[in-house]
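structure.cif follows; it contains mmCIF, C-alpha atoms.
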```cif
data_query
#
loop_
_atom_site.label_atom_id
_atom_site.label_comp_id
_atom_site.auth_asym_id
_atom_site.auth_seq_id
_atom_site.Cartn_x
_atom_site.Cartn_y
_atom_site.Cartn_z
CA MET A 1305 98.37 8.00 74.09
CA LYS A 1306 96.47 5.58 71.88
CA SER A 1307 92.97 4.77 73.09
CA GLU A 1308 89.66 3.50 71.81
CA THR A 1309 86.38 2.19 73.15
CA ILE A 1310 86.99 -0.84 75.26
CA PHE A 1311 83.90 -2.95 74.67
CA PRO A 1312 82.68 -2.53 71.08
CA ALA A 1313 79.97 -4.90 69.80
CA PRO A 1314 80.06 -7.81 69.63
CA VAL A 1315 81.04 -8.33 73.23
CA HIS A 1316 82.34 -11.88 72.74
CA ALA A 1317 86.04 -12.26 72.05
CA LYS A 1318 87.21 -13.05 68.55
CA THR A 1319 88.73 -16.40 67.68
CA GLN A 1320 92.02 -17.16 69.37
CA PRO A 1321 95.19 -17.00 67.27
CA ARG A 1322 95.95 -20.26 65.51
CA THR A 1323 98.88 -22.18 66.94
CA ARG A 1324 100.63 -25.47 66.27
CA THR A 1325 101.77 -26.05 69.84
CA GLY A 1326 98.51 -25.98 71.78
CA GLU A 1327 99.20 -22.55 73.27
CA ARG A 1328 96.34 -21.03 75.20
CA TYR A 1329 95.69 -17.34 74.60
CA ARG A 1330 93.70 -14.95 76.76
CA HIS A 1331 92.48 -11.41 76.32
CA GLU A 1332 94.41 -8.70 78.13
CA LEU A 1333 93.07 -5.16 78.40
CA LYS A 1334 94.88 -2.35 80.20
CA TYR A 1335 93.73 0.95 81.66
CA ARG A 1336 95.32 3.90 83.35
CA ILE A 1337 93.03 4.93 86.19
CA SER A 1338 93.13 7.17 89.25
CA TYR A 1339 93.13 5.93 92.84
CA GLY A 1340 89.64 7.40 93.20
CA GLU A 1341 88.41 5.24 90.31
CA LYS A 1342 90.11 2.24 91.91
CA ALA A 1343 88.24 2.82 95.17
CA VAL A 1344 84.91 2.92 93.32
CA LEU A 1345 85.78 -0.18 91.31
CA GLU A 1346 86.67 -2.13 94.44
CA LEU A 1347 83.26 -1.40 95.94
CA ARG A 1348 81.58 -2.54 92.72
CA LEU A 1349 83.73 -5.63 92.27
CA ALA A 1350 83.51 -6.94 95.84
CA PRO A 1351 80.13 -8.74 95.41
CA LEU A 1352 81.29 -10.52 92.23
CA LEU A 1353 85.01 -11.15 92.61
CA GLN A 1354 87.32 -12.18 95.43
CA ARG A 1355 90.78 -11.02 96.28
CA ASP A 1356 93.28 -13.67 95.25
CA ALA A 1357 93.89 -15.77 98.37
CA HIS A 1358 97.52 -16.35 97.35
CA ALA A 1359 98.28 -12.64 97.35
CA GLY A 1360 97.69 -11.71 100.98
CA PRO A 1361 95.75 -8.65 102.18
CA GLY A 1362 98.11 -6.08 100.65
CA GLY A 1363 98.90 -7.88 97.40
CA TYR A 1364 102.50 -8.66 96.50
CA LEU A 1365 105.60 -7.09 95.01
CA ILE A 1366 106.60 -8.09 91.48
CA ARG A 1367 110.10 -7.50 90.17
CA SER A 1368 110.90 -8.39 86.57
CA LEU A 1369 114.11 -8.21 84.57
CA TYR A 1370 113.25 -7.69 80.90
CA PHE A 1371 115.51 -8.68 78.02
CA ASP A 1372 115.84 -7.19 74.55
CA ASP A 1373 118.09 -7.78 71.55
CA CYS A 1374 120.67 -5.48 69.98
CA TRP A 1375 117.96 -3.90 67.80
CA ASN A 1376 115.69 -3.25 70.79
CA SER A 1377 113.02 -5.23 68.95
CA ALA A 1378 110.67 -5.77 71.91
CA TYR A 1379 110.64 -2.03 72.60
CA ALA A 1380 110.39 -0.94 68.97
CA GLU A 1381 107.63 -3.40 68.05
CA LYS A 1382 105.55 -2.35 71.04
CA ASP A 1383 106.15 1.33 70.31
CA ALA A 1384 105.16 0.82 66.66
CA GLY A 1385 102.04 -1.18 67.54
CA ILE A 1386 103.13 -4.36 65.74
CA LEU A 1387 100.24 -6.83 65.93
CA ALA A 1388 102.25 -9.98 66.81
CA ARG A 1389 105.22 -9.66 69.14
CA LYS A 1390 106.97 -11.26 72.11
CA LYS A 1391 109.27 -10.43 74.99
CA TYR A 1392 111.29 -12.31 77.59
CA ARG A 1393 111.61 -11.57 81.29
CA ILE A 1394 112.73 -13.14 84.56
CA ARG A 1395 110.31 -12.57 87.43
CA ILE A 1396 110.40 -12.92 91.22
CA TYR A 1397 107.86 -12.16 93.94
CA ASN A 1398 108.27 -10.26 97.23
CA GLY A 1399 112.05 -10.22 96.83
CA SER A 1400 112.28 -13.99 97.42
CA ASP A 1401 114.22 -16.60 95.46
CA ALA A 1402 111.65 -19.29 96.30
CA VAL A 1403 110.06 -18.81 92.87
CA ILE A 1404 112.14 -17.58 89.92
CA ARG A 1405 110.49 -17.78 86.52
CA LEU A 1406 111.76 -17.26 83.03
CA GLU A 1407 108.74 -16.07 81.06
CA ARG A 1408 107.95 -15.41 77.43
CA LYS A 1409 104.91 -13.28 76.76
CA LYS A 1410 103.45 -13.47 73.27
CA LYS A 1411 100.86 -10.98 72.14
CA VAL A 1412 98.60 -10.97 69.09
CA GLY A 1413 96.33 -7.94 69.20
CA SER A 1414 94.60 -8.07 72.58
CA TRP A 1415 95.34 -11.81 72.94
CA ILE A 1416 98.24 -12.89 75.14
CA CYS A 1417 99.97 -16.19 75.86
CA LYS A 1418 102.41 -16.55 78.74
CA GLU A 1419 104.89 -19.43 78.87
CA GLU A 1420 107.18 -20.02 81.82
CA ALA A 1421 110.10 -22.12 83.02
CA ALA A 1422 111.56 -22.45 86.51
CA LEU A 1423 115.07 -21.19 87.27
CA THR A 1424 117.27 -21.54 90.34
CA ARG A 1425 119.10 -18.62 91.86
CA ALA A 1426 122.40 -20.14 90.73
CA GLU A 1427 121.10 -20.34 87.15
CA LEU A 1428 119.97 -16.73 87.31
CA GLU A 1429 123.45 -15.69 88.43
CA LYS A 1430 124.91 -17.57 85.46
CA LEU A 1431 122.62 -15.73 83.07
CA LEU A 1432 123.59 -12.36 84.49
CA SER A 1433 127.27 -13.23 84.10
CA GLY A 1434 126.75 -14.09 80.43
CA ASP A 1435 126.87 -17.89 80.84
CA TYR A 1436 124.00 -19.31 78.75
CA GLY A 1437 125.33 -22.82 78.11
CA PHE A 1438 123.27 -24.53 80.78
CA LEU A 1439 120.07 -23.43 79.03
CA LEU A 1440 120.78 -25.66 76.06
CA ALA A 1441 120.82 -28.76 78.27
CA SER A 1442 117.61 -27.84 80.12
CA PRO A 1443 114.63 -30.23 79.89
CA GLN A 1444 112.38 -27.15 79.66
CA PRO A 1445 111.75 -26.13 76.02
CA LEU A 1446 111.47 -22.44 76.88
CA CYS A 1447 114.98 -22.44 78.35
CA ARG A 1448 116.41 -23.97 75.18
CA GLU A 1449 114.60 -21.43 73.01
CA PHE A 1450 115.83 -18.62 75.24
CA TYR A 1451 119.38 -19.92 74.71
CA PHE A 1452 119.07 -19.53 70.93
CA GLU A 1453 117.63 -16.03 71.38
CA CYS A 1454 120.58 -15.05 73.58
CA VAL A 1455 123.13 -16.47 71.15
CA SER A 1456 121.62 -15.63 67.77
CA ASN A 1457 119.86 -12.34 68.55
CA LEU A 1458 122.17 -11.21 71.36
CA LEU A 1459 119.37 -10.95 73.89
CA ARG A 1460 120.59 -9.02 76.94
CA PRO A 1461 119.16 -7.47 80.15
CA ARG A 1462 117.36 -4.23 79.38
CA VAL A 1463 115.48 -2.93 82.44
CA VAL A 1464 114.20 -4.00 85.87
CA VAL A 1465 110.54 -3.19 86.52
CA ASP A 1466 109.02 -3.04 90.01
CA TYR A 1467 105.40 -2.69 91.05
CA GLU A 1468 102.91 -3.77 93.69
CA ARG A 1469 100.01 -5.88 92.43
CA GLU A 1470 96.57 -6.39 93.98
CA PRO A 1471 94.69 -9.19 92.16
CA TRP A 1472 90.98 -9.99 92.06
CA VAL A 1473 89.60 -13.22 90.59
CA GLN A 1474 86.25 -14.72 89.67
CA LYS A 1475 86.21 -18.35 90.77
CA GLU A 1476 83.38 -19.29 88.42
CA GLY A 1477 85.28 -18.21 85.29
CA THR A 1478 88.63 -17.13 84.00
CA VAL A 1479 88.41 -13.42 84.78
CA ARG A 1480 91.31 -11.81 86.62
CA ILE A 1481 91.50 -8.10 87.39
CA THR A 1482 94.68 -6.61 88.80
CA PHE A 1483 95.66 -3.18 90.08
CA ASP A 1484 99.36 -2.38 89.65
CA ARG A 1485 100.52 0.59 91.68
CA ASP A 1486 103.85 2.32 92.32
CA VAL A 1487 105.35 1.21 89.00
CA ARG A 1488 109.08 1.93 89.06
CA ALA A 1489 112.13 1.48 86.85
CA ALA A 1490 115.32 0.33 88.57
CA VAL A 1491 118.67 1.94 87.84
CA GLY A 1492 122.18 0.94 88.73
CA GLY A 1493 122.11 -2.83 88.22
CA TRP A 1494 120.26 -6.06 87.51
CA ASP A 1495 120.26 -7.59 91.02
CA LEU A 1496 116.67 -8.74 91.46
CA PHE A 1497 117.26 -9.53 95.13
CA ASP A 1498 118.72 -6.16 96.14
CA PRO A 1499 116.09 -4.51 98.39
CA HIS A 1500 117.92 -1.19 98.06
CA LEU A 1501 118.12 -1.11 94.26
CA PRO A 1502 117.41 2.53 93.30
CA THR A 1503 114.16 3.03 91.37
CA LEU A 1504 112.37 5.85 89.57
CA PRO A 1505 108.56 6.20 89.34
CA VAL A 1506 107.15 6.05 85.81
CA LEU A 1507 103.43 6.84 86.22
CA ASP A 1508 101.81 10.22 86.76
CA PRO A 1509 101.12 10.94 90.44
CA GLY A 1510 97.80 9.52 91.64
CA THR A 1511 97.51 6.96 88.83
CA LEU A 1512 97.94 3.21 88.48
CA VAL A 1513 97.46 0.47 85.88
CA MET A 1514 94.42 -1.79 85.87
CA GLU A 1515 94.56 -4.99 83.80
CA VAL A 1516 91.58 -7.16 82.88
CA LYS A 1517 92.30 -10.70 81.66
CA PHE A 1518 89.72 -13.21 80.46
CA THR A 1519 89.56 -16.14 78.06
CA GLU A 1520 86.38 -16.24 75.98
CA PHE A 1521 84.34 -13.22 77.04
CA LEU A 1522 83.95 -10.71 79.84
CA PRO A 1523 80.64 -11.29 81.68
CA GLN A 1524 77.99 -8.63 81.18
CA THR A 1525 77.76 -7.99 84.91
CA LEU A 1526 81.43 -7.04 85.07
CA ARG A 1527 81.31 -4.88 81.94
CA GLU A 1528 78.44 -2.89 83.39
CA LEU A 1529 80.30 -2.27 86.65
CA LEU A 1530 83.12 -0.38 85.02
CA PRO A 1531 82.61 3.38 85.46
CA PRO A 1532 82.33 5.54 82.32
CA LYS A 1533 85.77 7.10 82.78
CA ALA A 1534 87.34 3.65 82.70
CA GLN A 1535 85.72 2.80 79.37
CA GLU A 1536 88.83 3.92 77.52
CA TRP A 1537 91.70 1.51 77.13
CA THR A 1538 95.31 2.32 76.52
CA ALA A 1539 98.25 0.46 75.05
CA VAL A 1540 100.23 1.28 78.19
CA SER A 1541 103.29 -0.92 78.65
CA LYS A 1542 105.17 -0.94 81.92
CA TYR A 1543 108.21 -2.20 80.01
CA VAL A 1544 108.19 0.71 77.54
CA LEU A 1545 107.55 3.26 80.29
CA CYS A 1546 110.50 1.94 82.29
CA CYS A 1547 112.75 1.83 79.22
CA ASP A 1548 111.91 5.47 78.52
CA LYS A 1549 112.55 6.43 82.13
CA THR A 1550 116.01 4.83 82.15
CA ALA A 1551 117.05 5.74 78.58
CA TYR A 1552 119.60 8.23 79.91
CA CYS A 1553 121.46 5.35 81.57
CA HIS A 1554 122.04 3.42 78.35
CA GLY A 1555 122.99 5.93 75.69
CA SER A 1556 121.20 6.08 72.35
CA SER A 1557 120.80 2.33 71.79
CA GLY A 1558 119.82 1.15 75.26
CA TRP A 1559 121.44 -2.24 74.58
CA GLN A 1560 123.74 -3.76 77.14
CA GLY A 1561 126.77 -5.19 75.33
#
```
Rewrite the structure from the file as structure tokens, please.
Amino acid sequence: MKSETIFPAPVHAKTQPRTRTGERYRHELKYRISYGEKAVLELRLAPLLQRDAHAGPGGYLIRSLYFDDCWNSAYAEKDAGILARKKYRIRIYNGSDAVIRLERKKKVGSWICKEEAALTRAELEKLLSGDYGFLLASPQPLCREFYFECVSNLLRPRVVVDYEREPWVQKEGTVRITFDRDVRAAVGGWDLFDPHLPTLPVLDPGTLVMEVKFTEFLPQTLRELLPPKAQEWTAVSKYVLCCDKTAYCHGSSGWQG
């Protein structure tokens, strides 16, 4: 596992990646922590952050269908630690079709940029049946770009990732801290709305993933609240973990033809 000190001097974030499209990048830092560390962190965070009001008392369930090309580029680039990379996914919340999002996540070092486009359930069904034509006529640029990825790079469904997220936010800034527990890889299909889709756990027992996102800098008060054992960051990727867990289902290449 690759790790290094999380908050080296200087504490302020480096300049955002240059873009020509006005994209807004944020820092994203990930940790593997124990449930005991989570309990301590919650006590420390409570005076400074609030639970996201949109999440409800127990958080919410996230289910994402990730795509990769015939070279498994998203997986390979992450595994190799390529500085600039991207991946596509379709995401739903709490098993509902009220919100279905096509997302592209770009990453440059610790900077991330997430773009999204709305999909209907009928459009999702078309995608899963291999019908991409409607994307080209979409008024949403991301859909049109996804069409070219599907056609030119043979982007196909790769793995379904499930987890329960508990988010904390700081209203005065752009800090968002999330705890992702019970991370699982689905097997046996791509039906995002199947409540009985079989899944396999991918994290060690008693552990979860904590993510810290912020734009310019992480306030000193929050940095000081993190316990010493959480001062190590990891390049953990739920996508890679789930791909590894389900590799036996897909043969040597993992690509769905």
Neighbourhood query: residues within 9 Å of (116.4, -21.6, 80.7), file coordinates, counting only C-alpha atoms; return as a list in words. Leu1406, Ala1421, Ala1422, Leu1423, Glu1427, Leu1428, Leu1431, Tyr1436, Phe1438, Leu1439, Leu1440, Ala1441, Ser1442, Pro1443, Gln1444, Pro1445, Leu1446, Cys1447, Arg1448, Glu1449, Phe1450 and Tyr1451 of chain A
Residues in the PyMOL selection byres ((chain A and resi 1324-1341) around 6), expressed as a PDB file with C-alpha atoms, keeping the file's coordinate frame:
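Resulting contents of part00.pdb:
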```
ATOM      1  CA  THR A1323      98.880 -22.180  66.940  1.00  0.00           C
ATOM      2  CA  LYS A1342      90.110   2.240  91.910  1.00  0.00           C
ATOM      3  CA  ALA A1343      88.240   2.820  95.170  1.00  0.00           C
ATOM      4  CA  VAL A1344      84.910   2.920  93.320  1.00  0.00           C
ATOM      5  CA  SER A1414      94.600  -8.070  72.580  1.00  0.00           C
ATOM      6  CA  TRP A1415      95.340 -11.810  72.940  1.00  0.00           C
ATOM      7  CA  ILE A1416      98.240 -12.890  75.140  1.00  0.00           C
ATOM      8  CA  CYS A1417      99.970 -16.190  75.860  1.00  0.00           C
ATOM      9  CA  GLY A1510      97.800   9.520  91.640  1.00  0.00           C
ATOM     10  CA  THR A1511      97.510   6.960  88.830  1.00  0.00           C
ATOM     11  CA  LEU A1512      97.940   3.210  88.480  1.00  0.00           C
ATOM     12  CA  VAL A1513      97.460   0.470  85.880  1.00  0.00           C
ATOM     13  CA  MET A1514      94.420  -1.790  85.870  1.00  0.00           C
ATOM     14  CA  GLU A1515      94.560  -4.990  83.800  1.00  0.00           C
ATOM     15  CA  VAL A1516      91.580  -7.160  82.880  1.00  0.00           C
ATOM     16  CA  LYS A1517      92.300 -10.700  81.660  1.00  0.00           C
ATOM     17  CA  PHE A1518      89.720 -13.210  80.460  1.00  0.00           C
ATOM     18  CA  THR A1519      89.560 -16.140  78.060  1.00  0.00           C
ATOM     19  CA  TRP A1537      91.700   1.510  77.130  1.00  0.00           C
ATOM     20  CA  THR A1538      95.310   2.320  76.520  1.00  0.00           C
TER      21      THR A1538
END
```
One-decimal distance in Å that lies between CA of Glu1470 (chain A) and CA of Asp1495 (chain A): 23.9 Å
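Evaluating the PyMOL selection byres ((chain A and resi 1352) around 9) against the shown model yields A:Arg1348, A:Leu1349, A:Ala1350, A:Pro1351, A:Leu1353, A:Gln1354, A:Val1473, A:Gln1474, A:Thr1525, A:Leu1526.
Candidate residues A:Val1464, A:Ala1490, A:Val1455, A:Ile1481 were compared for distance to Arg1395 (chain A), and the nearest is A:Val1464, using all atoms listed in the file.
Counting all atoms listed in the file, the residue from A:Lys1549, A:Leu1501, A:Asn1398, A:Lys1411 that sits nearest to Gly1360 (chain A) is A:Asn1398.
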Looking at only C-alpha atoms, which of A:Glu1528, A:Asp1548, A:Glu1346, A:Glu1520 is the one that sits closest to Arg1462 (chain A)? A:Asp1548
Expand the PyMOL selection byres ((chain A and resi 1539-1545) around 10) into the explicit residue set it covers here, and present it as number ranges by chain. A: 1305-1308, 1333-1336, 1368-1371, 1378-1380, 1382-1383, 1385, 1391, 1414, 1462-1467, 1484, 1487-1489, 1505-1507, 1513, 1537-1538, 1546-1551
With C-alpha atoms kept, could you save the residues just selected as a CSV table (one decimal), in the coordinates of the input?
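Result saved to out_21.csv:
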```csv
chain,number,residue,atom,x,y,z
A,1305,MET,CA,98.4,8.0,74.1
A,1306,LYS,CA,96.5,5.6,71.9
A,1307,SER,CA,93.0,4.8,73.1
A,1308,GLU,CA,89.7,3.5,71.8
A,1333,LEU,CA,93.1,-5.2,78.4
A,1334,LYS,CA,94.9,-2.4,80.2
A,1335,TYR,CA,93.7,1.0,81.7
A,1336,ARG,CA,95.3,3.9,83.4
A,1368,SER,CA,110.9,-8.4,86.6
A,1369,LEU,CA,114.1,-8.2,84.6
A,1370,TYR,CA,113.2,-7.7,80.9
A,1371,PHE,CA,115.5,-8.7,78.0
A,1378,ALA,CA,110.7,-5.8,71.9
A,1379,TYR,CA,110.6,-2.0,72.6
A,1380,ALA,CA,110.4,-0.9,69.0
A,1382,LYS,CA,105.6,-2.4,71.0
A,1383,ASP,CA,106.2,1.3,70.3
A,1385,GLY,CA,102.0,-1.2,67.5
A,1391,LYS,CA,109.3,-10.4,75.0
A,1414,SER,CA,94.6,-8.1,72.6
A,1462,ARG,CA,117.4,-4.2,79.4
A,1463,VAL,CA,115.5,-2.9,82.4
A,1464,VAL,CA,114.2,-4.0,85.9
A,1465,VAL,CA,110.5,-3.2,86.5
A,1466,ASP,CA,109.0,-3.0,90.0
A,1467,TYR,CA,105.4,-2.7,91.0
A,1484,ASP,CA,99.4,-2.4,89.6
A,1487,VAL,CA,105.4,1.2,89.0
A,1488,ARG,CA,109.1,1.9,89.1
A,1489,ALA,CA,112.1,1.5,86.8
A,1505,PRO,CA,108.6,6.2,89.3
A,1506,VAL,CA,107.2,6.0,85.8
A,1507,LEU,CA,103.4,6.8,86.2
A,1513,VAL,CA,97.5,0.5,85.9
A,1537,TRP,CA,91.7,1.5,77.1
A,1538,THR,CA,95.3,2.3,76.5
A,1546,CYS,CA,110.5,1.9,82.3
A,1547,CYS,CA,112.8,1.8,79.2
A,1548,ASP,CA,111.9,5.5,78.5
A,1549,LYS,CA,112.6,6.4,82.1
A,1550,THR,CA,116.0,4.8,82.2
A,1551,ALA,CA,117.0,5.7,78.6
```
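Going from CA of Glu1407 (chain A) to CA of Pro1509 (chain A) covers 29.6 Å.
The interatomic distance for the pair CA of Phe1497 (chain A) and CA of Glu1381 (chain A) works out to 29.4 Å.
The residue that comes closest to Arg1425 (chain A), out of A:Leu1496, A:Asn1457, A:Leu1504, A:Leu1365 and on the basis of all atoms listed in the file, is A:Leu1496.
Of the listed residues (A:Thr1503, A:Glu1420, A:Thr1478, A:Asp1435), A:Thr1478 comes nearest to Leu1522 (chain A); the distances count all atoms listed in the file.
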Choose the residue, out of A:Lys1475, A:Gln1524, A:Tyr1552, A:Ile1396, that has the smallest atom-to-atom separation from Ala1357 (chain A); count all atoms listed in the file. A:Lys1475
